[in-house]
Structure formats: C-alpha cells, structure tokens
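Working notes, structure below.
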Amino acid sequence: MKAFIKQSALVLGGALLSFQVMAQIEPKGFSINGKVKNGSKGEKVILSQSTAAGSSVKLDSAQIGADGSFTLKGVDKDRGSFFTVNIADRQKFPLLVEGGETFNIIADGTTRDDKGNGGNVSVTGSKNMEYYAKVDQLMQAFAAKVTGWNEQYATAEEKKDSKKIQEIQQAYQAAEKERVTALRQMIPEMGTSLIALFAANNFLTPESDLDVLKKLADDYSKVEPVPTLAKGFIGSVKRMAGLAVGEQAPDFTLNSPEGKQIALSSLRGKYVLIDFWASWCGPCRMENPNVVRMYGKFKDKGFDIFGVSLDDNEKAWKTAIERDKLTWLHGSELKKWNSGVAQSYGVNAIPATFLLDKDGKIIAKNLRGAALETKLTELLGAQ
C-alpha cells in the first residue's frame with residue numbers, strides 16, 4: 001500500500017520543506033476571517049508557519065468572540081508557504097498560502113476522531129484551499145479503508161489466512177490506483193500553484209508519473225520569480241529523472257542495527273534489491289512475508305537485499321526486523337522522511353524498491369509480489 005505517504009492526514013511540505021532555498025520574492029500579506037461553531041468566548045486561535053526543520057513559528061493569535069468569530073493576519077515571504085491554524089488546541093488544520101488572500105473559515109472547533117468524525121472545516125477565498133479540500137476528501141476516504149484493511153490483515157495474519165491477505169492486498173491496490181488516478185487528473189487543473197506542488201510531492205511517483213512531474217517542474221521554472229518551494233521541487237525532479245531504469249544507483253553508507261557501517265557498493269557482483277520500508281508502514285509489513293520468501297529462494301544464487309528503514313525509533317525498527325524475520329542487510333538514518341538516502345532516490349512513499357544489476361545499475365523499480373518473483377526467476381533461474 002503506497003502509503004505511507006501518511007495514512008490519516010495530509011502532510012504539509014514533506015520533502016519539499018527540506019529544501020532551504022533563499023529567494024528574492026516580495027512579501028505579501030494575507031488575512032483570515034473565521035468563525036468557530038463550538039468555541040467559547042476568550043478561547044485562543046493561533047496562526048503558525050511550518051519551517052524547513054519540521055517545527056513551527058507562531059505568527060499571530062486572536063481570541064474567539066462571543067459570536068464565535070476571530071481574525072488573524074500573516075505574511076507570506078516565499079510565494080507559497082504552509083501555515084497552520086490552531087483552535088484552542090482542539091482543532092488544527094493547514095492553510096496553503098501564496099500571499100494576498102482573504103480566507104474565510106468556518107470550523108467545528110472539535111477534534112477529528114479515528115473514524116473521521118468531527119474536525120470539519122470550510123475554507124474559501126483560495127484556489128489552493130478549494131483543491132486541498134478535494135484532496136483531503138480522497139485521503140480521508142482512503143484512510144478509512146486502510147484502517148479496516150489493517151485490522152483485517154492482523155486477523156488474517158494471526159490465522160495464517162494467506163488467501164485473505166492476498167484479497168486485502170488486491171483491494172488496496174485497486175483503491176490506490178483509483179485514488180492516484182483521480183489526483184493525477186487534478187494536477188493539470190491546479191497550474192503553478194502551491195497545491196500542485198503539494199499534490200505532486202505527496203502522491204506522484206517518478207516511475208509512474210515522471211512526465212507529469214517534469215511538466216510541472218518545467219512550468220514552474222518559467223515563473224518569475226520562482227517560488228522558494230518550487231526551486232526545491234525542480235531540483236528534486238531532476239534527481240528523480242536521474243534514477244531511471246538503466247542509470248547508476250547512487251551509492252550510500254548506512255549504520256546497521258548493530259552499529260556497523262554498510263555501503264551499497266559493497267554488494268557489487270550481486271543482484272541487489274534496495275527495499276525502502278519502515279516498522280510503522282502497514283503496507284510494507286504486509287509485503288515482508290513475500291520478500292522473505294524471495295530472499296530464501298534466491299539468496300544463494302547471487303541475490304541480496306539492502307533494507308533502508310525510514311524509522312525514527314531504533315527499538316521499533318529492530319523489533320520489526322526480528323518479528324518479520326528479515327535476515328538480510330539493514331540500515332537507517334533514523335530520520336523518517338528526512339532520510340537523505342530516501343531523498344536521493346526520490347522516495348516519497350513506501351514501500352519502494354529498486355532492483356540493481358551486478359554493476360549497481362537500476363534494472364527495475366517497485367517490483368512486488370509475483371512481479372518480483374518473475375523478474376528474479378528471469379535473472380537467476382528457477383530454484
């Protein structure tokens with residue numbers, strides 16, 4: 001299941017925010033007129049801005065009036081930034097800002113529960129937020145399905161019901177394809193807007209959508225001045241384009257669970273599967289039994305695996321390796337989505353895999369299940 005692009009909520013910035021680029025762009029102010037349905041007079045509403053380091057900076061605050069209203073003001077310095085509105089620490093929601101907008105907000109003022117109830121918000125006055133609402137609806141519907149599948153998978157795994165596990169995986173793949181198709185169709189409508197960058201960064205992949213990504217990057221390169229985040233996106237797409245089948249895989253060195261440094265280049269002479277995963281990624285864990293089977297079948301025929309974890313919790317990482325019986329090589333920076341290796345490979349969703357030949361060149365990407373077995377059999381022969 002792709003992902004663990006973040007199952008229950010959209011991610012503000014993701015890899016985009018990791019690019020710290022200075023841009024000469026004229027700052028532009030924006031304003032917010034809001035109303036809270038379930039707020040009390042005097043409760044505080046805070047406007048903050050996301051930073052490249054993943055933290056936030058408070059920019060303005062206001063108290064809710066007797067009629068539930070509040071006003072806030074801010075300044076965007078980059079022609080496209082991610083802000084957050086926090087209502088009394090009960091409801092937080094994103095604001096995609098390019099500067100010059102007057103946002104009109106109607107919010108529940110409640111927390112959204114695990115089933116998606118509550119926490120509703122309507123934001124008008126912005127093309128970015130209109131499209132964000134559409135993307136959020138797709139995400140929430142998909143997240144609800146993933147929650148159900150994860151529960152079913154746990155039961156099926158306990159019962160060793162391989163047929164049910166396969167049904168869950170097939171249902172996921174069909175729903176994922178439907179969701180990504182809908183998102184892919186929206187992006188051309190978004191033009192060179194912040195929401196286009198957000199959607200492309202979070203939901204498109206270079207192996208399936210490189211032409212779309214290149215087109216968006218090219219469109220942004222013609223904008224004057226180029227927005228700060230767009231500069232990072234353009235650079236990211238250039239790196240993605242460099243990781244096409246036939247290209248040399250970038251070398252990297254990671255610490256193993258035992259603290260030993262392992263270089264990808266040390267595996268030259270073998271066919272190598274680079275497997276980007278994480279202990280918290282349900283789809284990755286679902287795929288692990290298949291990868292274990294492939295490793296057992298081909299490890300003595302010149303095949304190896306280098307598992308690159310996007311964990312940030314060392315104990316969870318090590319526990320998942322042991323529990324899933326992943327006996328191949330592993331490494332991690334323990335930086336989650338800020339992994340430099342993941343960024344160098346253009347990974348913005350997991351599981352993600354790269355199959356390399358004996359010289360370290362990419363010969364296939366994102367092979368899983370039967371497709372992986374077919375390719376390895378083609379390369380190494382049946383056992």
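Residue names in the structure tokens use chain letters A, B, ... in the order shown, residue numbers from 1 in each chain, and ligand numbers from 1 in the order shown.
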
List the spatial neighbours of stretch 322-324 of chain A as a PyMOL selection string - criterion: any atom at most 12 Å away, only C-alpha atoms, same-chain residues fewer than 3 positions off excluded.
chain A and resi 157+257+278-279+284-293+315-319+327-328+330

Mind dumping the selected residues with N, CA and C atoms as a tab-separated table (two decimals), in the first residue's frame?
chain	number	residue	atom	x	y	z
A	157	GLU	N	-3.43	-12.57	9.47
A	157	GLU	CA	-2.06	-12.99	9.78
A	157	GLU	C	-2.05	-13.95	10.97
A	257	PRO	N	21.65	-2.19	12.31
A	257	PRO	CA	21.10	-2.23	13.68
A	257	PRO	C	22.18	-2.48	14.73
A	278	ALA	N	9.48	0.73	6.59
A	278	ALA	CA	9.52	1.22	7.98
A	278	ALA	C	8.64	0.33	8.84
A	279	SER	N	8.96	0.26	10.12
A	279	SER	CA	8.17	-0.57	11.03
A	279	SER	C	6.74	-0.08	11.14
A	284	CYS	N	4.13	-2.03	4.03
A	284	CYS	CA	5.47	-2.62	3.99
A	284	CYS	C	5.48	-3.94	4.75
A	285	ARG	N	4.87	-3.94	5.92
A	285	ARG	CA	4.85	-5.14	6.76
A	285	ARG	C	4.05	-6.26	6.07
A	286	MET	N	3.00	-5.87	5.34
A	286	MET	CA	2.23	-6.86	4.59
A	286	MET	C	3.06	-7.51	3.49
A	287	GLU	N	3.95	-6.72	2.88
A	287	GLU	CA	4.77	-7.22	1.79
A	287	GLU	C	5.96	-8.04	2.29
A	288	ASN	N	6.36	-7.84	3.56
A	288	ASN	CA	7.56	-8.50	4.07
A	288	ASN	C	7.57	-10.03	3.92
A	289	PRO	N	6.45	-10.73	4.20
A	289	PRO	CA	6.49	-12.19	4.02
A	289	PRO	C	6.87	-12.61	2.61
A	290	ASN	N	6.42	-11.84	1.62
A	290	ASN	CA	6.77	-12.15	0.24
A	290	ASN	C	8.26	-11.92	0.00
A	291	VAL	N	8.79	-10.82	0.56
A	291	VAL	CA	10.21	-10.51	0.38
A	291	VAL	C	11.06	-11.57	1.08
A	292	VAL	N	10.62	-12.02	2.26
A	292	VAL	CA	11.33	-13.09	2.97
A	292	VAL	C	11.39	-14.35	2.10
A	293	ARG	N	10.29	-14.67	1.45
A	293	ARG	CA	10.24	-15.85	0.59
A	293	ARG	C	11.19	-15.70	-0.60
A	315	LYS	N	14.29	1.21	18.51
A	315	LYS	CA	13.73	-0.01	19.08
A	315	LYS	C	12.65	-0.60	18.18
A	316	ALA	N	11.76	0.25	17.67
A	316	ALA	CA	10.69	-0.23	16.78
A	316	ALA	C	11.27	-0.84	15.51
A	317	TRP	N	12.31	-0.23	14.99
A	317	TRP	CA	12.99	-0.73	13.78
A	317	TRP	C	13.55	-2.14	14.03
A	318	LYS	N	14.31	-2.27	15.11
A	318	LYS	CA	14.93	-3.56	15.42
A	318	LYS	C	13.89	-4.64	15.72
A	319	THR	N	12.83	-4.24	16.43
A	319	THR	CA	11.78	-5.21	16.77
A	319	THR	C	11.08	-5.73	15.51
A	327	THR	N	16.20	-11.29	7.52
A	327	THR	CA	17.57	-11.69	7.83
A	327	THR	C	18.63	-11.12	6.89
A	328	TRP	N	18.25	-10.17	6.05
A	328	TRP	CA	19.21	-9.56	5.14
A	328	TRP	C	19.83	-8.31	5.77
A	330	HIS	N	20.51	-4.44	6.72
A	330	HIS	CA	19.64	-3.31	7.03
A	330	HIS	C	20.44	-2.08	7.40

Select from stretch 76-290 of chain A everything DSSP, run on the backbone, classes as strand (DSSP E or B), then give the selection as a ChimeraX atom specification.
/A:76,81-87,91-97,102-107,121-124,248,253-255,261-263,271-277

DSSP on the backbone: what in stretch 175-308 of chain A comes out helix (DSSP H, G or I), as a compact mmCIF listing (two decimals) with N, CA and C atoms, in the first residue's frame?
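Written output follows (part-v4.txt):
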# COMPACT_ATOMS: atom_id res chain seq x y z
N ALA A 175 -7.94 0.25 -4.92
CA ALA A 175 -8.34 1.54 -4.35
C ALA A 175 -7.24 2.58 -4.51
N GLU A 176 -6.00 2.14 -4.35
CA GLU A 176 -4.87 3.05 -4.51
C GLU A 176 -4.77 3.55 -5.93
N LYS A 177 -4.96 2.66 -6.89
CA LYS A 177 -4.92 3.06 -8.29
C LYS A 177 -6.01 4.08 -8.60
N GLU A 178 -7.20 3.84 -8.07
CA GLU A 178 -8.32 4.77 -8.28
C GLU A 178 -8.03 6.14 -7.68
N ARG A 179 -7.46 6.14 -6.46
CA ARG A 179 -7.15 7.41 -5.79
C ARG A 179 -6.08 8.19 -6.55
N VAL A 180 -5.01 7.53 -6.92
CA VAL A 180 -3.91 8.21 -7.60
C VAL A 180 -4.35 8.72 -8.97
N THR A 181 -5.20 7.96 -9.65
CA THR A 181 -5.71 8.41 -10.95
C THR A 181 -6.49 9.70 -10.80
N ALA A 182 -7.32 9.77 -9.77
CA ALA A 182 -8.11 10.99 -9.52
C ALA A 182 -7.20 12.18 -9.23
N LEU A 183 -6.16 11.95 -8.42
CA LEU A 183 -5.22 13.02 -8.09
C LEU A 183 -4.43 13.45 -9.32
N ARG A 184 -4.02 12.48 -10.11
CA ARG A 184 -3.23 12.77 -11.31
C ARG A 184 -4.02 13.65 -12.27
N GLN A 185 -5.33 13.40 -12.35
CA GLN A 185 -6.17 14.19 -13.26
C GLN A 185 -6.38 15.62 -12.77
N MET A 186 -6.29 15.81 -11.45
CA MET A 186 -6.49 17.15 -10.89
C MET A 186 -5.29 18.07 -11.12
N ILE A 187 -4.09 17.52 -11.14
CA ILE A 187 -2.89 18.35 -11.10
C ILE A 187 -2.78 19.34 -12.27
N PRO A 188 -3.08 18.94 -13.51
CA PRO A 188 -3.00 19.95 -14.58
C PRO A 188 -3.94 21.13 -14.35
N GLU A 189 -5.08 20.88 -13.70
CA GLU A 189 -6.03 21.97 -13.42
C GLU A 189 -5.44 22.96 -12.41
N MET A 190 -4.54 22.50 -11.57
CA MET A 190 -4.02 23.32 -10.48
C MET A 190 -3.00 24.36 -10.95
N LEU A 194 0.60 26.33 -5.21
CA LEU A 194 1.19 25.58 -4.10
C LEU A 194 0.55 24.21 -3.96
N ILE A 195 -0.74 24.10 -4.20
CA ILE A 195 -1.42 22.81 -4.07
C ILE A 195 -0.91 21.83 -5.12
N ALA A 196 -0.50 22.32 -6.29
CA ALA A 196 0.07 21.44 -7.31
C ALA A 196 1.38 20.83 -6.81
N LEU A 197 2.21 21.66 -6.20
CA LEU A 197 3.46 21.15 -5.62
C LEU A 197 3.17 20.14 -4.52
N PHE A 198 2.22 20.48 -3.67
CA PHE A 198 1.86 19.60 -2.56
C PHE A 198 1.38 18.25 -3.06
N ALA A 199 0.47 18.25 -4.03
CA ALA A 199 -0.09 17.00 -4.54
C ALA A 199 0.97 16.18 -5.27
N ALA A 200 1.78 16.84 -6.08
CA ALA A 200 2.82 16.12 -6.83
C ALA A 200 3.83 15.51 -5.89
N ASN A 201 4.23 16.25 -4.87
CA ASN A 201 5.25 15.78 -3.93
C ASN A 201 4.74 14.62 -3.09
N ASN A 202 3.49 14.63 -2.73
CA ASN A 202 2.95 13.63 -1.82
C ASN A 202 2.40 12.39 -2.52
N PHE A 203 1.94 12.51 -3.76
CA PHE A 203 1.17 11.43 -4.33
C PHE A 203 1.68 10.85 -5.65
N PRO A 206 8.04 8.92 -9.50
CA PRO A 206 8.78 9.09 -10.76
C PRO A 206 8.61 7.92 -11.72
N GLU A 207 8.44 6.69 -11.19
CA GLU A 207 8.31 5.55 -12.09
C GLU A 207 6.99 5.57 -12.86
N SER A 208 5.95 6.19 -12.27
CA SER A 208 4.64 6.22 -12.94
C SER A 208 4.30 7.58 -13.54
N ASP A 209 4.88 8.63 -12.99
CA ASP A 209 4.42 9.98 -13.33
C ASP A 209 5.55 10.94 -13.67
N LEU A 210 6.68 10.42 -14.13
CA LEU A 210 7.82 11.29 -14.37
C LEU A 210 7.50 12.38 -15.38
N ASP A 211 6.72 12.06 -16.42
CA ASP A 211 6.37 13.06 -17.42
C ASP A 211 5.55 14.20 -16.80
N VAL A 212 4.61 13.83 -15.92
CA VAL A 212 3.79 14.85 -15.24
C VAL A 212 4.67 15.72 -14.34
N LEU A 213 5.57 15.09 -13.61
CA LEU A 213 6.47 15.82 -12.71
C LEU A 213 7.40 16.75 -13.49
N LYS A 214 7.93 16.25 -14.61
CA LYS A 214 8.81 17.08 -15.44
C LYS A 214 8.06 18.28 -15.99
N LYS A 215 6.81 18.05 -16.42
CA LYS A 215 6.00 19.15 -16.98
C LYS A 215 5.75 20.21 -15.93
N LEU A 216 5.40 19.80 -14.70
CA LEU A 216 5.16 20.77 -13.63
C LEU A 216 6.43 21.52 -13.28
N ALA A 217 7.55 20.79 -13.19
CA ALA A 217 8.83 21.44 -12.88
C ALA A 217 9.20 22.44 -13.98
N ASP A 218 8.97 22.06 -15.23
CA ASP A 218 9.28 22.96 -16.34
C ASP A 218 8.38 24.19 -16.30
N ASP A 219 7.09 24.01 -16.00
CA ASP A 219 6.17 25.16 -15.90
C ASP A 219 6.63 26.11 -14.80
N TYR A 220 7.05 25.54 -13.68
CA TYR A 220 7.48 26.38 -12.56
C TYR A 220 8.79 27.12 -12.86
N SER A 221 9.64 26.49 -13.66
CA SER A 221 10.91 27.15 -13.97
C SER A 221 10.71 28.41 -14.80
N THR A 228 9.96 29.78 -3.68
CA THR A 228 11.02 29.08 -2.95
C THR A 228 10.84 27.57 -2.99
N LEU A 229 9.65 27.08 -2.64
CA LEU A 229 9.43 25.64 -2.61
C LEU A 229 9.50 25.03 -4.00
N ALA A 230 9.16 25.80 -5.01
CA ALA A 230 9.23 25.29 -6.38
C ALA A 230 10.67 25.04 -6.79
N LYS A 231 11.60 25.86 -6.30
CA LYS A 231 13.01 25.64 -6.61
C LYS A 231 13.45 24.28 -6.07
N GLY A 232 13.02 23.96 -4.85
CA GLY A 232 13.34 22.66 -4.29
C GLY A 232 12.71 21.54 -5.10
N PHE A 233 11.49 21.74 -5.53
CA PHE A 233 10.78 20.73 -6.31
C PHE A 233 11.49 20.49 -7.65
N ILE A 234 11.89 21.55 -8.31
CA ILE A 234 12.58 21.43 -9.59
C ILE A 234 13.86 20.61 -9.43
N GLY A 235 14.61 20.87 -8.36
CA GLY A 235 15.83 20.11 -8.09
C GLY A 235 15.52 18.65 -7.81
N SER A 236 14.43 18.41 -7.07
CA SER A 236 14.04 17.04 -6.74
C SER A 236 13.67 16.26 -8.00
N VAL A 237 12.93 16.88 -8.91
CA VAL A 237 12.54 16.21 -10.14
C VAL A 237 13.76 15.87 -10.98
N LYS A 238 14.74 16.76 -10.99
CA LYS A 238 15.97 16.48 -11.74
C LYS A 238 16.65 15.24 -11.19
N ARG A 239 16.65 15.08 -9.86
CA ARG A 239 17.26 13.89 -9.26
C ARG A 239 16.44 12.64 -9.59
N MET A 240 15.11 12.79 -9.53
CA MET A 240 14.24 11.66 -9.87
C MET A 240 14.49 11.20 -11.31
N ALA A 241 14.61 12.16 -12.21
CA ALA A 241 14.81 11.82 -13.61
C ALA A 241 16.13 11.07 -13.80
N LEU A 264 26.36 0.43 0.08
CA LEU A 264 25.66 -0.25 -1.01
C LEU A 264 26.68 -0.85 -1.97
N SER A 265 27.74 -0.12 -2.25
CA SER A 265 28.75 -0.58 -3.22
C SER A 265 29.44 -1.86 -2.79
N SER A 266 29.36 -2.20 -1.49
CA SER A 266 29.99 -3.44 -1.01
C SER A 266 29.28 -4.68 -1.54
N LEU A 267 28.10 -4.49 -2.13
CA LEU A 267 27.31 -5.61 -2.64
C LEU A 267 27.48 -5.81 -4.15
N GLY A 282 2.22 -0.13 7.46
CA GLY A 282 1.42 -1.34 7.33
C GLY A 282 1.61 -2.06 6.00
N PRO A 283 1.54 -1.34 4.87
CA PRO A 283 1.73 -1.99 3.57
C PRO A 283 3.11 -2.66 3.45
N CYS A 284 4.13 -2.03 4.03
CA CYS A 284 5.47 -2.62 3.99
C CYS A 284 5.48 -3.94 4.75
N ARG A 285 4.87 -3.94 5.92
CA ARG A 285 4.85 -5.14 6.76
C ARG A 285 4.05 -6.26 6.07
N MET A 286 3.00 -5.87 5.34
CA MET A 286 2.23 -6.86 4.59
C MET A 286 3.06 -7.51 3.49
N GLU A 287 3.95 -6.72 2.88
CA GLU A 287 4.77 -7.22 1.79
C GLU A 287 5.96 -8.04 2.29
N ASN A 288 6.36 -7.84 3.56
CA ASN A 288 7.56 -8.50 4.07
C ASN A 288 7.57 -10.03 3.92
N PRO A 289 6.45 -10.73 4.20
CA PRO A 289 6.49 -12.19 4.02
C PRO A 289 6.87 -12.61 2.61
N ASN A 290 6.42 -11.84 1.62
CA ASN A 290 6.77 -12.15 0.24
C ASN A 290 8.26 -11.92 0.00
N VAL A 291 8.79 -10.82 0.56
CA VAL A 291 10.21 -10.51 0.38
C VAL A 291 11.06 -11.57 1.08
N VAL A 292 10.62 -12.02 2.26
CA VAL A 292 11.33 -13.09 2.97
C VAL A 292 11.39 -14.35 2.10
N ARG A 293 10.29 -14.67 1.45
CA ARG A 293 10.24 -15.85 0.59
C ARG A 293 11.19 -15.70 -0.60
N MET A 294 11.21 -14.50 -1.19
CA MET A 294 12.11 -14.26 -2.32
C MET A 294 13.57 -14.36 -1.90
N TYR A 295 13.87 -13.84 -0.72
CA TYR A 295 15.25 -13.90 -0.23
C TYR A 295 15.67 -15.35 -0.01
N GLY A 296 14.80 -16.13 0.60
CA GLY A 296 15.12 -17.54 0.83
C GLY A 296 15.31 -18.30 -0.47
N LYS A 297 14.56 -17.93 -1.48
CA LYS A 297 14.60 -18.64 -2.75
C LYS A 297 15.83 -18.30 -3.59
N PHE A 298 16.31 -17.04 -3.50
CA PHE A 298 17.35 -16.60 -4.42
C PHE A 298 18.67 -16.17 -3.77
N LYS A 299 18.75 -16.16 -2.44
CA LYS A 299 19.95 -15.62 -1.78
C LYS A 299 21.22 -16.41 -2.12
N ASP A 300 21.08 -17.68 -2.41
CA ASP A 300 22.25 -18.49 -2.73
C ASP A 300 22.58 -18.49 -4.22
N LYS A 301 21.86 -17.65 -4.97
CA LYS A 301 22.06 -17.60 -6.42
C LYS A 301 22.55 -16.23 -6.88

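Among the candidate residues A:Gln140, A:Gln63, A:Thr374, A:Asn348, the one lying nearest to A:Gly42 is A:Gln63, with distances computed using only C-alpha atoms.
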
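Note that the spacing between atom CA of A:Val226 and atom CA of A:Asp78 amounts to 9.0 Å.
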
Selection: 9 Å around A:Ala342, only C-alpha atoms, excl. self and same-chain fewer than 6 positions, as a list in words
Phe276, Val308, Leu310 and Asn348 of chain A

From the options A:Ser31, A:Gln248, A:Ser309, A:Asn366, which residue's atoms come nearest to A:Leu273, counting only C-alpha atoms?
A:Asn366

At a cut-off of 9 Å, using only C-alpha atoms, what residues contact A:Gly302? Leave out same-chain residues fewer than 6 positions from it and give the result as a list in words.
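My reading of the contact set: Gly269, Lys270, Tyr271, Val272, Lys358 and Leu380 of chain A.
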
Just how far from atom CA of A:Ile305 is atom CA of A:Leu355, in Å to one decimal?
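Taking atom CA of A:Leu355 as the start and atom CA of A:Ile305 as the end point, the length is 9.1 Å.
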
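Straight-line separation from atom CA of A:Ser339 to atom CA of A:Gln170: 29.4 Å.
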
Which residue out of A:Met139, A:Ala349, A:Ala370, A:Phe83 has the minimum interatomic distance to A:Leu204 when only C-alpha atoms are used?
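Under the stated criterion, the closest residue is A:Ala349.
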
Tell me which of A:Thr253, A:Glu314, A:Leu376, A:Gln343 sits closest to A:Leu329, counting only C-alpha atoms.
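Between A:Thr253, A:Glu314, A:Leu376, A:Gln343, the residue approaching A:Leu329 most closely is A:Thr253.
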
Show which residues sit within 8 Å of stretch 99-107 of chain A, as a CSV table (one decimal) with C-alpha atoms, in the first residue's frame. Count only C-alpha atoms, and ignore same-chain residues fewer than 3 positions away.
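Produced file part38.csv, reproduced below:
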chain,number,residue,atom,x,y,z
A,27,PRO,CA,6.5,39.5,0.9
A,28,LYS,CA,2.7,39.6,0.6
A,29,GLY,CA,0.2,39.8,3.4
A,30,PHE,CA,-3.0,37.8,3.9
A,31,SER,CA,-5.9,37.9,6.3
A,32,ILE,CA,-8.2,35.3,7.9
A,33,ASN,CA,-11.9,35.9,8.9
A,34,GLY,CA,-13.0,32.9,10.9
A,35,LYS,CA,-16.0,31.5,12.8
A,36,VAL,CA,-15.9,28.6,15.3
A,37,LYS,CA,-19.1,26.7,15.7
A,75,VAL,CA,2.7,37.5,5.7
A,76,ASP,CA,4.0,35.0,3.1
A,77,LYS,CA,7.6,35.6,2.1
A,79,ARG,CA,5.0,33.0,-2.8
A,80,GLY,CA,3.9,29.7,-1.4
A,119,GLY,CA,-13.0,18.4,13.0
A,120,ASN,CA,-14.7,19.7,9.9
A,121,VAL,CA,-13.6,23.0,8.3
A,122,SER,CA,-14.6,25.0,5.3
A,123,VAL,CA,-12.1,27.4,3.8
A,124,THR,CA,-13.0,29.7,0.9
A,125,GLY,CA,-11.2,32.6,-0.8
A,126,SER,CA,-8.4,30.5,-2.2

Between A:Gln91, A:Asn313, A:Asn128, A:Ser69, which is the closest to A:Arg112 once you count only C-alpha atoms?
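Between A:Gln91, A:Asn313, A:Asn128, A:Ser69, the residue approaching A:Arg112 most closely is A:Gln91.
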
For A:Val347, the nearest of the candidates A:Asp108, A:Asp275, A:Asp161, A:Glu167, counting only C-alpha atoms
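Closest to A:Val347 of all the choices is A:Asp275.
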
Nearby residues (only C-alpha atoms) at most 9 Å from A:Leu254, same-chain spacing under 5 positions excluded, as a PyMOL selection string:
chain A and resi 259-264+308+330-333+341

Using only C-alpha atoms, determine which residues lie at most 9 Å from A:Tyr153, disregarding the query and same-chain residues fewer than 6 positions distant; provide the list as a list of chain:residue names.
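Surrounding residues, per the criterion: A:Lys164, A:Ile165, A:Ile168, A:Met286.
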